[in-house]
Amino acid sequence: MANDPVLIAYSVTRRRDGKSGWKRIGAAYPHVAGAGLTVILDAIPRDGRIVLLEPEATDA
């Protein structure tokens, strides 16, 4: 598994004030066999929805 994730996993919830709350819950890394990704989650969202985004420079 590579050291740096290629995607960051987030759980997104709607707050009472109408804004979205984003919580980082894991990351995806290139698979050692080449094709595909290995996803490692620290939590599972209650609604089952996971958003994967490319990491920003501040995610280091």
# chains A, B, ... in the order shown; residues from 1 in each chain; ligands from 1
call {"tool": "select_by_dssp", "arguments": {"residues": "chain A", "states": "strand (DSSP E)", "output": "list of chain:residue names"}}
result
A:Leu7, A:Ile8, A:Ala9, A:Tyr10, A:Ser11, A:Val12, A:Thr13, A:Arg14, A:Ser20, A:Gly21, A:Trp22, A:Lys23, A:Arg24, A:Ile25, A:Gly26, A:Ala27, A:Ala28, A:Tyr29, A:Pro30, A:Leu37, A:Thr38, A:Val39, A:Ile40, A:Leu41, A:Val51, A:Leu52, A:Leu53
call {"tool": "write_last_selection", "arguments": {"atoms": "N, CA and C atoms", "output": "PDB file, in the first residue's frame"}}
result
ATOM      1  N   LEU A   7      -7.522   9.205  -2.332  1.00  0.00           N
ATOM      2  CA  LEU A   7      -8.835   9.779  -2.047  1.00  0.00           C
ATOM      3  C   LEU A   7      -9.057   9.796  -0.543  1.00  0.00           C
ATOM      4  N   ILE A   8      -9.809  10.792  -0.065  1.00  0.00           N
ATOM      5  CA  ILE A   8     -10.177  10.895   1.337  1.00  0.00           C
ATOM      6  C   ILE A   8     -11.673  10.599   1.449  1.00  0.00           C
ATOM      7  N   ALA A   9     -12.049   9.769   2.429  1.00  0.00           N
ATOM      8  CA  ALA A   9     -13.450   9.407   2.638  1.00  0.00           C
ATOM      9  C   ALA A   9     -14.073  10.322   3.689  1.00  0.00           C
ATOM     10  N   TYR A  10     -15.261  10.858   3.362  1.00  0.00           N
ATOM     11  CA  TYR A  10     -15.991  11.751   4.267  1.00  0.00           C
ATOM     12  C   TYR A  10     -17.419  11.265   4.450  1.00  0.00           C
ATOM     13  N   SER A  11     -17.957  11.535   5.625  1.00  0.00           N
ATOM     14  CA  SER A  11     -19.380  11.407   5.879  1.00  0.00           C
ATOM     15  C   SER A  11     -19.934  12.823   5.879  1.00  0.00           C
ATOM     16  N   VAL A  12     -20.999  13.060   5.117  1.00  0.00           N
ATOM     17  CA  VAL A  12     -21.574  14.400   5.013  1.00  0.00           C
ATOM     18  C   VAL A  12     -22.980  14.369   5.588  1.00  0.00           C
ATOM     19  N   THR A  13     -23.242  15.233   6.556  1.00  0.00           N
ATOM     20  CA  THR A  13     -24.566  15.309   7.168  1.00  0.00           C
ATOM     21  C   THR A  13     -25.117  16.717   7.056  1.00  0.00           C
ATOM     22  N   ARG A  14     -26.429  16.813   7.001  1.00  0.00           N
ATOM     23  CA  ARG A  14     -27.102  18.108   6.952  1.00  0.00           C
ATOM     24  C   ARG A  14     -27.355  18.563   8.385  1.00  0.00           C
ATOM     25  N   SER A  20     -23.873  21.901   5.599  1.00  0.00           N
ATOM     26  CA  SER A  20     -23.410  20.520   5.608  1.00  0.00           C
ATOM     27  C   SER A  20     -22.243  20.362   6.571  1.00  0.00           C
ATOM     28  N   GLY A  21     -22.242  19.260   7.313  1.00  0.00           N
ATOM     29  CA  GLY A  21     -21.137  18.940   8.201  1.00  0.00           C
ATOM     30  C   GLY A  21     -20.312  17.821   7.588  1.00  0.00           C
ATOM     31  N   TRP A  22     -19.024  18.051   7.379  1.00  0.00           N
ATOM     32  CA  TRP A  22     -18.128  17.076   6.756  1.00  0.00           C
ATOM     33  C   TRP A  22     -17.221  16.501   7.818  1.00  0.00           C
ATOM     34  N   LYS A  23     -17.157  15.166   7.907  1.00  0.00           N
ATOM     35  CA  LYS A  23     -16.276  14.502   8.857  1.00  0.00           C
ATOM     36  C   LYS A  23     -15.431  13.481   8.105  1.00  0.00           C
ATOM     37  N   ARG A  24     -14.126  13.611   8.255  1.00  0.00           N
ATOM     38  CA  ARG A  24     -13.224  12.652   7.607  1.00  0.00           C
ATOM     39  C   ARG A  24     -13.331  11.314   8.324  1.00  0.00           C
ATOM     40  N   ILE A  25     -13.602  10.250   7.559  1.00  0.00           N
ATOM     41  CA  ILE A  25     -13.798   8.935   8.169  1.00  0.00           C
ATOM     42  C   ILE A  25     -12.852   7.875   7.621  1.00  0.00           C
ATOM     43  N   GLY A  26     -11.973   8.235   6.696  1.00  0.00           N
ATOM     44  CA  GLY A  26     -11.053   7.239   6.164  1.00  0.00           C
ATOM     45  C   GLY A  26     -10.330   7.726   4.925  1.00  0.00           C
ATOM     46  N   ALA A  27      -9.711   6.758   4.208  1.00  0.00           N
ATOM     47  CA  ALA A  27      -8.937   7.094   3.013  1.00  0.00           C
ATOM     48  C   ALA A  27      -8.865   5.895   2.080  1.00  0.00           C
ATOM     49  N   ALA A  28      -8.558   6.171   0.809  1.00  0.00           N
ATOM     50  CA  ALA A  28      -8.390   5.122  -0.202  1.00  0.00           C
ATOM     51  C   ALA A  28      -6.971   5.203  -0.754  1.00  0.00           C
ATOM     52  N   TYR A  29      -6.335   4.044  -0.873  1.00  0.00           N
ATOM     53  CA  TYR A  29      -4.951   3.932  -1.336  1.00  0.00           C
ATOM     54  C   TYR A  29      -4.907   3.045  -2.574  1.00  0.00           C
ATOM     55  N   PRO A  30      -3.911   3.245  -3.453  1.00  0.00           N
ATOM     56  CA  PRO A  30      -3.766   2.346  -4.595  1.00  0.00           C
ATOM     57  C   PRO A  30      -3.586   0.905  -4.112  1.00  0.00           C
ATOM     58  N   LEU A  37      -8.496   0.090  -5.658  1.00  0.00           N
ATOM     59  CA  LEU A  37      -8.144   0.848  -4.467  1.00  0.00           C
ATOM     60  C   LEU A  37      -8.413   0.008  -3.228  1.00  0.00           C
ATOM     61  N   THR A  38      -7.665   0.272  -2.178  1.00  0.00           N
ATOM     62  CA  THR A  38      -7.942  -0.282  -0.867  1.00  0.00           C
ATOM     63  C   THR A  38      -8.503   0.849  -0.018  1.00  0.00           C
ATOM     64  N   VAL A  39      -9.714   0.666   0.520  1.00  0.00           N
ATOM     65  CA  VAL A  39     -10.370   1.691   1.332  1.00  0.00           C
ATOM     66  C   VAL A  39     -10.288   1.283   2.790  1.00  0.00           C
ATOM     67  N   ILE A  40      -9.783   2.186   3.614  1.00  0.00           N
ATOM     68  CA  ILE A  40      -9.681   1.956   5.051  1.00  0.00           C
ATOM     69  C   ILE A  40     -10.562   2.992   5.744  1.00  0.00           C
ATOM     70  N   LEU A  41     -11.577   2.503   6.470  1.00  0.00           N
ATOM     71  CA  LEU A  41     -12.510   3.385   7.164  1.00  0.00           C
ATOM     72  C   LEU A  41     -12.283   3.324   8.658  1.00  0.00           C
ATOM     73  N   VAL A  51     -18.544   9.985   0.779  1.00  0.00           N
ATOM     74  CA  VAL A  51     -18.076  10.845  -0.303  1.00  0.00           C
ATOM     75  C   VAL A  51     -16.560  10.716  -0.369  1.00  0.00           C
ATOM     76  N   LEU A  52     -16.028  10.408  -1.561  1.00  0.00           N
ATOM     77  CA  LEU A  52     -14.579  10.285  -1.764  1.00  0.00           C
ATOM     78  C   LEU A  52     -14.098  11.473  -2.577  1.00  0.00           C
ATOM     79  N   LEU A  53     -13.137  12.203  -2.042  1.00  0.00           N
ATOM     80  CA  LEU A  53     -12.568  13.368  -2.727  1.00  0.00           C
ATOM     81  C   LEU A  53     -11.057  13.284  -2.729  1.00  0.00           C
TER      82      LEU A  53
END
call {"tool": "decode", "arguments": {"residues": "segment 10-53 of chain A", "atoms": "N, CA and C atoms", "output": "short mmCIF file (atom, residue, chain, number, x, y, z; two decimals), in the first residue's frame"}}
result
data_model
loop_
_atom_site.label_atom_id
_atom_site.label_comp_id
_atom_site.auth_asym_id
_atom_site.auth_seq_id
_atom_site.Cartn_x
_atom_site.Cartn_y
_atom_site.Cartn_z
N TYR A 10 -15.26 10.86 3.36
CA TYR A 10 -15.99 11.75 4.27
C TYR A 10 -17.42 11.27 4.45
N SER A 11 -17.96 11.53 5.62
CA SER A 11 -19.38 11.41 5.88
C SER A 11 -19.93 12.82 5.88
N VAL A 12 -21.00 13.06 5.12
CA VAL A 12 -21.57 14.40 5.01
C VAL A 12 -22.98 14.37 5.59
N THR A 13 -23.24 15.23 6.56
CA THR A 13 -24.57 15.31 7.17
C THR A 13 -25.12 16.72 7.06
N ARG A 14 -26.43 16.81 7.00
CA ARG A 14 -27.10 18.11 6.95
C ARG A 14 -27.35 18.56 8.39
N ARG A 15 -26.89 19.76 8.72
CA ARG A 15 -27.07 20.29 10.06
C ARG A 15 -28.39 21.05 10.14
N ARG A 16 -28.82 21.35 11.34
CA ARG A 16 -30.09 22.06 11.55
C ARG A 16 -30.10 23.46 10.94
N ASP A 17 -28.90 24.07 10.86
CA ASP A 17 -28.83 25.42 10.28
C ASP A 17 -28.82 25.39 8.75
N GLY A 18 -28.97 24.20 8.16
CA GLY A 18 -29.02 24.08 6.70
C GLY A 18 -27.68 23.86 6.04
N LYS A 19 -26.60 23.99 6.80
CA LYS A 19 -25.26 23.77 6.25
C LYS A 19 -24.91 22.29 6.31
N SER A 20 -23.87 21.90 5.60
CA SER A 20 -23.41 20.52 5.61
C SER A 20 -22.24 20.36 6.57
N GLY A 21 -22.24 19.26 7.31
CA GLY A 21 -21.14 18.94 8.20
C GLY A 21 -20.31 17.82 7.59
N TRP A 22 -19.02 18.05 7.38
CA TRP A 22 -18.13 17.08 6.76
C TRP A 22 -17.22 16.50 7.82
N LYS A 23 -17.16 15.17 7.91
CA LYS A 23 -16.28 14.50 8.86
C LYS A 23 -15.43 13.48 8.10
N ARG A 24 -14.13 13.61 8.25
CA ARG A 24 -13.22 12.65 7.61
C ARG A 24 -13.33 11.31 8.32
N ILE A 25 -13.60 10.25 7.56
CA ILE A 25 -13.80 8.94 8.17
C ILE A 25 -12.85 7.87 7.62
N GLY A 26 -11.97 8.24 6.70
CA GLY A 26 -11.05 7.24 6.16
C GLY A 26 -10.33 7.73 4.92
N ALA A 27 -9.71 6.76 4.21
CA ALA A 27 -8.94 7.09 3.01
C ALA A 27 -8.87 5.90 2.08
N ALA A 28 -8.56 6.17 0.81
CA ALA A 28 -8.39 5.12 -0.20
C ALA A 28 -6.97 5.20 -0.75
N TYR A 29 -6.34 4.04 -0.87
CA TYR A 29 -4.95 3.93 -1.34
C TYR A 29 -4.91 3.04 -2.57
N PRO A 30 -3.91 3.25 -3.45
CA PRO A 30 -3.77 2.35 -4.60
C PRO A 30 -3.59 0.91 -4.11
N HIS A 31 -4.24 -0.02 -4.79
CA HIS A 31 -4.14 -1.43 -4.42
C HIS A 31 -2.76 -1.97 -4.80
N VAL A 32 -2.22 -2.86 -3.99
CA VAL A 32 -0.86 -3.37 -4.22
C VAL A 32 -0.76 -4.17 -5.52
N ALA A 33 -1.86 -4.75 -6.00
CA ALA A 33 -1.84 -5.55 -7.22
C ALA A 33 -1.94 -4.67 -8.47
N GLY A 34 -2.12 -3.37 -8.30
CA GLY A 34 -2.17 -2.46 -9.44
C GLY A 34 -3.53 -1.86 -9.68
N ALA A 35 -4.48 -2.65 -10.14
CA ALA A 35 -5.81 -2.11 -10.46
C ALA A 35 -6.66 -2.03 -9.19
N GLY A 36 -7.34 -0.92 -9.00
CA GLY A 36 -8.26 -0.78 -7.87
C GLY A 36 -7.68 0.00 -6.71
N LEU A 37 -8.50 0.09 -5.66
CA LEU A 37 -8.14 0.85 -4.47
C LEU A 37 -8.41 0.01 -3.23
N THR A 38 -7.66 0.27 -2.18
CA THR A 38 -7.94 -0.28 -0.87
C THR A 38 -8.50 0.85 -0.02
N VAL A 39 -9.71 0.67 0.52
CA VAL A 39 -10.37 1.69 1.33
C VAL A 39 -10.29 1.28 2.79
N ILE A 40 -9.78 2.19 3.61
CA ILE A 40 -9.68 1.96 5.05
C ILE A 40 -10.56 2.99 5.74
N LEU A 41 -11.58 2.50 6.47
CA LEU A 41 -12.51 3.39 7.16
C LEU A 41 -12.28 3.32 8.66
N ASP A 42 -12.33 4.49 9.30
CA ASP A 42 -12.26 4.59 10.76
C ASP A 42 -13.65 4.62 11.36
N ALA A 43 -14.66 4.87 10.54
CA ALA A 43 -16.05 4.94 10.98
C ALA A 43 -16.95 4.63 9.79
N ILE A 44 -18.20 4.29 10.09
CA ILE A 44 -19.18 4.03 9.04
C ILE A 44 -20.35 5.00 9.26
N PRO A 45 -20.72 5.77 8.25
CA PRO A 45 -21.82 6.71 8.43
C PRO A 45 -23.15 5.98 8.61
N ARG A 46 -24.02 6.55 9.42
CA ARG A 46 -25.33 5.92 9.69
C ARG A 46 -26.18 5.79 8.44
N ASP A 47 -26.10 6.76 7.54
CA ASP A 47 -26.93 6.69 6.32
C ASP A 47 -26.28 5.88 5.21
N GLY A 48 -25.05 5.40 5.42
CA GLY A 48 -24.37 4.57 4.44
C GLY A 48 -23.72 5.33 3.30
N ARG A 49 -23.82 6.65 3.30
CA ARG A 49 -23.28 7.48 2.21
C ARG A 49 -21.86 7.91 2.55
N ILE A 50 -20.93 7.61 1.64
CA ILE A 50 -19.54 8.01 1.78
C ILE A 50 -19.15 8.83 0.56
N VAL A 51 -18.54 9.98 0.78
CA VAL A 51 -18.08 10.85 -0.30
C VAL A 51 -16.56 10.72 -0.37
N LEU A 52 -16.03 10.41 -1.56
CA LEU A 52 -14.58 10.28 -1.76
C LEU A 52 -14.10 11.47 -2.58
N LEU A 53 -13.14 12.20 -2.04
CA LEU A 53 -12.57 13.37 -2.73
C LEU A 53 -11.06 13.28 -2.73
#
